[in-house]
Amino acid sequence: MRVYVPLTLPGLAEAHRTGEVGPGPLTGYAVTPGLREWYVSDDIEELEYAALNRAAAASLRLLAADPGARRRRVVVAADVPDREAVADPDLALDPAGLGEVRIASAIKLAKAAAVHVDSDDADADVSAAAAALGAADHGDDDARFTVDGAEDHELLWYGIQEIGNLLG
């Protein structure tokens with residue numbers, strides 16, 4: 001199963017240093033039955049893109065909690081055995097938990113498929129979105145618009161071998 005694990009750049013640096021994303025348990029996002037039902041598509045690429053976007057939103061939450069982190073959403077894509085990525089059936093149709101899975105153990109970074117990271121031009125929008133997240137969660141429509149602005153930026157794809165250069 002392809003899972004998308006949200007991180008920040010400091011989290012990616014730690015994974016690069018230790019050789020693994022973890023320790024477990026980890027929260028990730030994947031094509032779960034609930035995500036399939038919500039998205040109403042049979043196209044696996046569209047479903048995986050939806051799971052990636054859910055992980056990007058979770059990365060934004062990590063950024064909001066870490067004001068010192070560089071303002072880039074980071075998602076590690078990895079393949080894990082299906083039995084290692086478990087969806088909570090109680091969250092199946094909860095909008096906050098769509099596609100969410102628990103991964104029991106750390107993921108070896110060398111086995112990850114890719115890393116997805118915002119480009120430099122997303123900095124202002126991601127910064128504003130991280131700052132507005134709390135207000136958006138409390139129903140502020142202007143703040144929600146600001147948070148949605150970060151989603152206008154596509155995450156860039158990097159091979160695992162590029163992490164060192166990416167972290168610079």
# chains A, B, ... in the order shown; residues from 1 in each chain; ligands from 1
$ residues_around --residues "range 44-57 of chain A" --least-positions-apart "2" --cutoff "8 Å" --atoms "only C-alpha atoms" --output "PDB file with C-alpha atoms, in the first residue's frame"
ATOM      1  CA  ARG A   2       1.309   3.459  -0.871  1.00  0.00           C
ATOM      2  CA  TYR A   4       1.900   9.426   2.423  1.00  0.00           C
ATOM      3  CA  VAL A   5       3.529  10.531   5.680  1.00  0.00           C
ATOM      4  CA  PRO A   6       3.407  14.242   6.567  1.00  0.00           C
ATOM      5  CA  GLY A  28      -0.071   8.601   7.267  1.00  0.00           C
ATOM      6  CA  TYR A  29      -2.637   8.862   4.513  1.00  0.00           C
ATOM      7  CA  ALA A  30      -3.566   6.275   1.925  1.00  0.00           C
ATOM      8  CA  VAL A  31      -6.340   5.145  -0.365  1.00  0.00           C
ATOM      9  CA  LEU A  35     -11.416   7.897   0.945  1.00  0.00           C
ATOM     10  CA  ARG A  36     -12.697   5.872  -2.023  1.00  0.00           C
ATOM     11  CA  TYR A  39     -13.903  10.772  -3.551  1.00  0.00           C
ATOM     12  CA  SER A  41     -13.559   7.575  -8.204  1.00  0.00           C
ATOM     13  CA  ASP A  42     -12.054   4.342  -9.431  1.00  0.00           C
ATOM     14  CA  SER A  59       2.016  18.710   7.148  1.00  0.00           C
ATOM     15  CA  LEU A  60       0.568  22.229   7.314  1.00  0.00           C
ATOM     16  CA  ARG A  61      -0.744  21.389  10.804  1.00  0.00           C
ATOM     17  CA  ARG A  73       4.928  21.236   3.466  1.00  0.00           C
ATOM     18  CA  VAL A  74       6.741  17.890   3.229  1.00  0.00           C
ATOM     19  CA  VAL A  75       5.275  14.465   2.456  1.00  0.00           C
ATOM     20  CA  LEU A  98     -10.471  10.536   5.557  1.00  0.00           C
ATOM     21  CA  GLY A  99      -7.610   8.418   4.295  1.00  0.00           C
ATOM     22  CA  GLU A 151      -3.400  24.124  -1.546  1.00  0.00           C
TER      23      GLU A 151
END
$ residues_around --residues "Asp125 in chain A" --least-positions-apart "2" --cutoff "9 Å" --atoms "only C-alpha atoms" --output "count of residues only"
15
$ select_by_dssp --residues "range 68-134 of chain A" --states "strand (DSSP E or B)" --output "ChimeraX atom specification"
/A:74-79,85-86,100-103,107-108,112-117
$ write_last_selection --atoms "N, CA and C atoms" --output "tab-separated table (two decimals), in the first residue's frame"
chain	number	residue	atom	x	y	z
A	74	VAL	N	5.91	19.03	3.62
A	74	VAL	CA	6.74	17.89	3.23
A	74	VAL	C	5.92	16.62	3.41
A	75	VAL	N	5.96	15.76	2.39
A	75	VAL	CA	5.28	14.47	2.46
A	75	VAL	C	6.21	13.40	1.90
A	76	VAL	N	6.41	12.33	2.66
A	76	VAL	CA	7.20	11.19	2.19
A	76	VAL	C	6.23	10.12	1.70
A	77	ALA	N	6.44	9.67	0.47
A	77	ALA	CA	5.62	8.60	-0.10
A	77	ALA	C	6.41	7.29	0.00
A	78	ALA	N	5.76	6.26	0.54
A	78	ALA	CA	6.43	4.97	0.71
A	78	ALA	C	5.42	3.85	0.54
A	79	ASP	N	5.92	2.71	0.15
A	79	ASP	CA	5.09	1.52	0.04
A	79	ASP	C	5.34	0.65	1.26
A	85	ALA	N	-0.42	-0.70	7.51
A	85	ALA	CA	-1.10	0.59	7.43
A	85	ALA	C	-2.58	0.34	7.68
A	86	VAL	N	-3.02	0.66	8.88
A	86	VAL	CA	-4.37	0.30	9.32
A	86	VAL	C	-5.24	1.54	9.44
A	100	GLU	N	-6.85	8.52	6.60
A	100	GLU	CA	-5.84	8.41	7.64
A	100	GLU	C	-5.58	6.95	7.99
A	101	VAL	N	-4.30	6.62	8.14
A	101	VAL	CA	-3.89	5.28	8.54
A	101	VAL	C	-2.82	5.40	9.63
A	102	ARG	N	-2.71	4.35	10.41
A	102	ARG	CA	-1.65	4.23	11.41
A	102	ARG	C	-0.65	3.21	10.89
A	103	ILE	N	0.60	3.58	10.94
A	103	ILE	CA	1.68	2.70	10.50
A	103	ILE	C	2.44	2.32	11.76
A	107	ILE	N	9.57	3.70	8.96
A	107	ILE	CA	9.75	3.37	7.55
A	107	ILE	C	11.18	3.69	7.17
A	108	LYS	N	11.90	2.73	6.64
A	108	LYS	CA	13.27	2.97	6.18
A	108	LYS	C	13.23	3.98	5.05
A	112	ALA	N	11.67	4.43	0.72
A	112	ALA	CA	10.61	5.36	0.33
A	112	ALA	C	10.66	5.57	-1.18
A	113	ALA	N	9.51	5.88	-1.75
A	113	ALA	CA	9.42	6.07	-3.20
A	113	ALA	C	9.81	7.48	-3.61
A	114	ALA	N	9.45	8.48	-2.81
A	114	ALA	CA	9.72	9.86	-3.17
A	114	ALA	C	9.45	10.77	-1.98
A	115	VAL	N	9.87	12.01	-2.14
A	115	VAL	CA	9.55	13.06	-1.19
A	115	VAL	C	8.89	14.18	-1.99
A	116	HIS	N	7.81	14.72	-1.45
A	116	HIS	CA	7.10	15.83	-2.08
A	116	HIS	C	7.24	17.04	-1.18
A	117	VAL	N	7.68	18.17	-1.75
A	117	VAL	CA	7.96	19.37	-0.97
A	117	VAL	C	7.50	20.60	-1.75
$ closest_residue --among "A:Ala143, A:Ala136, A:Ala58, A:Ala69" --to "Ala13 in chain A" --atoms "only C-alpha atoms"
A:Ala69
$ select_by_dssp --residues "range 60-131 of chain A" --states "alpha helix (DSSP H)" --output "short mmCIF file (atom, residue, chain, number, x, y, z; two decimals) with N, CA and C atoms, in the first residue's frame"
data_model
loop_
_atom_site.label_atom_id
_atom_site.label_comp_id
_atom_site.auth_asym_id
_atom_site.auth_seq_id
_atom_site.Cartn_x
_atom_site.Cartn_y
_atom_site.Cartn_z
N LEU A 60 0.85 20.84 6.96
CA LEU A 60 0.57 22.23 7.31
C LEU A 60 0.27 22.35 8.81
N ARG A 61 -0.45 21.38 9.36
CA ARG A 61 -0.74 21.39 10.80
C ARG A 61 0.55 21.23 11.61
N LEU A 62 1.47 20.40 11.12
CA LEU A 62 2.76 20.26 11.80
C LEU A 62 3.52 21.58 11.76
N LEU A 63 3.45 22.29 10.64
CA LEU A 63 4.11 23.59 10.54
C LEU A 63 3.49 24.61 11.51
N ALA A 64 2.18 24.58 11.63
CA ALA A 64 1.50 25.50 12.54
C ALA A 64 1.97 25.27 13.98
N ALA A 65 2.31 24.04 14.31
CA ALA A 65 2.76 23.70 15.66
C ALA A 65 4.25 23.96 15.87
N ASP A 123 6.29 29.86 -0.19
CA ASP A 123 6.63 30.29 1.17
C ASP A 123 5.59 31.23 1.78
N ALA A 124 5.25 32.29 1.10
CA ALA A 124 4.32 33.28 1.67
C ALA A 124 2.94 32.67 1.92
N ASP A 125 2.44 31.89 0.96
CA ASP A 125 1.11 31.30 1.12
C ASP A 125 1.09 30.23 2.21
N VAL A 126 2.14 29.42 2.29
CA VAL A 126 2.19 28.37 3.31
C VAL A 126 2.34 29.01 4.69
N SER A 127 3.16 30.07 4.79
CA SER A 127 3.31 30.79 6.06
C SER A 127 1.97 31.35 6.52
N ALA A 128 1.29 32.02 5.61
CA ALA A 128 -0.01 32.61 5.95
C ALA A 128 -1.02 31.53 6.33
N ALA A 129 -1.00 30.42 5.62
CA ALA A 129 -1.94 29.33 5.90
C ALA A 129 -1.67 28.72 7.28
N ALA A 130 -0.41 28.51 7.61
CA ALA A 130 -0.07 27.95 8.93
C ALA A 130 -0.53 28.90 10.04
N ALA A 131 -0.37 30.20 9.82
CA ALA A 131 -0.78 31.18 10.82
C ALA A 131 -2.31 31.26 10.96
#
$ atom_distance --atom1 "CA of Ala110 in chain A" --atom2 "CA of Glu20 in chain A"
7.7 Å
$ closest_residue --among "A:Gly168, A:Pro10, A:Gly139, A:Gly134" --to "Arg70 in chain A" --atoms "only C-alpha atoms"
A:Pro10
$ atom_distance --atom1 "CA of Leu7 in chain A" --atom2 "CA of Pro33 in chain A"
23.9 Å
$ atom_distance --atom1 "CA of Leu109 in chain A" --atom2 "CA of Ala15 in chain A"
6.9 Å
